[in-house]
Amino acid sequence: MARVAIVFHSASGSTKRLAQAVANGARSLPEVDVLEIELTGSDIKEGRYKNQSVLDRLDDVDAVIFGSPTYMGSVSAQFKAFADATGDKWSEKRWADKIAGGFTIGSNVSGDQLMTIQYLQIFASQHGMIWASLDIPGGGDPEGRNRLGAQSGLIAHSTDSNLHETDLVTAEYLGLRIAKLALRNSKSDA
């Protein structure tokens, strides 16, 4: 059995829909338990993320898939508050060797979404996590997945909060890929 957490912030609902598709992909494996954690403003007090129980729950998962909309070339303030609150986990290496991956969505075709994915990747690396890329060639997939050609993680695009069906299919694939890696990693630890 493997446990996969999807930790995300969503403002307009499009990042949440991506997170649900990621969760569906991970859940397609019967040996995987999925935990969906939406970061909300009520967990942030005076600019700091204060939900310690969420942080502690992540100690006991095999993989974490991070998601945030892209705002001004990076993660949202709500996601950043969460990341900043993980300092104790970092110093104790509580998340080291977990599988990690990420996804984002932006309203511009570029919009610097790659910077958001890179932020998530660096954040995971700081924790000693093992980053799993999106292993689908952009523009070369027979199913059309990874339509925007990002290898580091899932990048989606929408100008009106409606998601392109291909982005949802790619999100499911990302969840499945990371769930498979988490299963393999948890079996090797046994």
# chains A, B, ... in the order shown; residues from 1 in each chain; ligands from 1
>>> select_by_dssp(residues="region 13-117 of chain A", states="helix (DSSP H, G or I)", output="PyMOL selection string")
chain A and resi 14-27+41-43+52-60+77-84+87-91+113-117
>>> write_last_selection(atoms="C-alpha atoms", output="mmCIF file, in the first residue's frame")
data_model
loop_
_atom_site.group_PDB
_atom_site.id
_atom_site.type_symbol
_atom_site.label_atom_id
_atom_site.label_comp_id
_atom_site.auth_asym_id
_atom_site.auth_seq_id
_atom_site.Cartn_x
_atom_site.Cartn_y
_atom_site.Cartn_z
ATOM 1 C CA SER A 14 -9.441 25.402 -11.914
ATOM 2 C CA THR A 15 -6.461 24.277 -9.810
ATOM 3 C CA LYS A 16 -8.878 22.265 -7.667
ATOM 4 C CA ARG A 17 -10.237 20.524 -10.779
ATOM 5 C CA LEU A 18 -6.675 19.673 -11.802
ATOM 6 C CA ALA A 19 -6.018 18.352 -8.283
ATOM 7 C CA GLN A 20 -9.123 16.163 -8.504
ATOM 8 C CA ALA A 21 -7.932 14.768 -11.844
ATOM 9 C CA VAL A 22 -4.488 14.080 -10.335
ATOM 10 C CA ALA A 23 -6.234 12.306 -7.434
ATOM 11 C CA ASN A 24 -8.345 10.245 -9.856
ATOM 12 C CA GLY A 25 -5.208 9.089 -11.630
ATOM 13 C CA ALA A 26 -3.554 8.072 -8.363
ATOM 14 C CA ARG A 27 -6.746 6.358 -7.162
ATOM 15 C CA GLY A 41 -7.145 31.211 3.726
ATOM 16 C CA SER A 42 -8.615 30.138 7.054
ATOM 17 C CA ASP A 43 -5.388 28.203 7.739
ATOM 18 C CA GLN A 52 0.087 21.856 11.985
ATOM 19 C CA SER A 53 -2.117 18.770 11.605
ATOM 20 C CA VAL A 54 -1.811 19.012 7.808
ATOM 21 C CA LEU A 55 1.963 19.313 8.042
ATOM 22 C CA ASP A 56 2.088 16.308 10.370
ATOM 23 C CA ARG A 57 -0.147 14.208 8.093
ATOM 24 C CA LEU A 58 2.381 14.669 5.304
ATOM 25 C CA ASP A 59 5.023 12.931 7.426
ATOM 26 C CA ASP A 60 3.165 9.662 6.857
ATOM 27 C CA ALA A 77 0.727 33.607 -1.580
ATOM 28 C CA GLN A 78 -1.366 30.920 0.111
ATOM 29 C CA PHE A 79 0.906 28.156 -1.186
ATOM 30 C CA LYS A 80 4.000 30.156 -0.256
ATOM 31 C CA ALA A 81 2.664 30.553 3.308
ATOM 32 C CA PHE A 82 2.302 26.761 3.477
ATOM 33 C CA ALA A 83 5.830 26.219 2.123
ATOM 34 C CA ASP A 84 7.299 28.705 4.590
ATOM 35 C CA GLY A 87 10.871 24.752 8.107
ATOM 36 C CA ASP A 88 10.732 22.338 11.040
ATOM 37 C CA LYS A 89 9.948 19.445 8.676
ATOM 38 C CA TRP A 90 12.934 20.505 6.561
ATOM 39 C CA SER A 91 15.354 20.682 9.492
ATOM 40 C CA GLN A 113 4.140 28.843 -15.355
ATOM 41 C CA LEU A 114 7.481 27.051 -15.692
ATOM 42 C CA MET A 115 8.766 29.252 -12.863
ATOM 43 C CA THR A 116 5.972 27.907 -10.658
ATOM 44 C CA ILE A 117 6.907 24.317 -11.483
#
>>> residues_around(residues="region 129-134 of chain A", least_positions_apart="5", cutoff="7 Å", atoms="only C-alpha atoms", output="count of residues only")
15
>>> select_by_dssp(residues="chain A", states="strand (DSSP E or B)", output="ChimeraX atom specification")
/A:2-8,32-38,44-45,48-49,63-69,71,74,99-106,130-131,154-157
>>> atom_distance(atom1="CA of Glu31 (chain A)", atom2="CA of Ile65 (chain A)")
17.3 Å
>>> atom_distance(atom1="CA of Val4 (chain A)", atom2="CA of Leu35 (chain A)")
6.2 Å
>>> residues_around(residues="Ala156 (chain A)", least_positions_apart="4", cutoff="8 Å", atoms="only C-alpha atoms", output="list in words")
Phe103, Thr104, Ile105, Gly106, Leu148, Leu163, His164 and Asp167 of chain A
>>> closest_residue(among="A:Glu46, A:Thr166, A:His127, A:Asn108", to="Pro142 (chain A)", atoms="only C-alpha atoms")
A:Thr166
>>> atom_distance(atom1="CA of Leu29 (chain A)", atom2="CA of Ala2 (chain A)")
9.7 Å
>>> closest_residue(among="A:Ser76, A:Asn146, A:Thr170, A:Asn162", to="Ser10 (chain A)", atoms="only C-alpha atoms")
A:Ser76
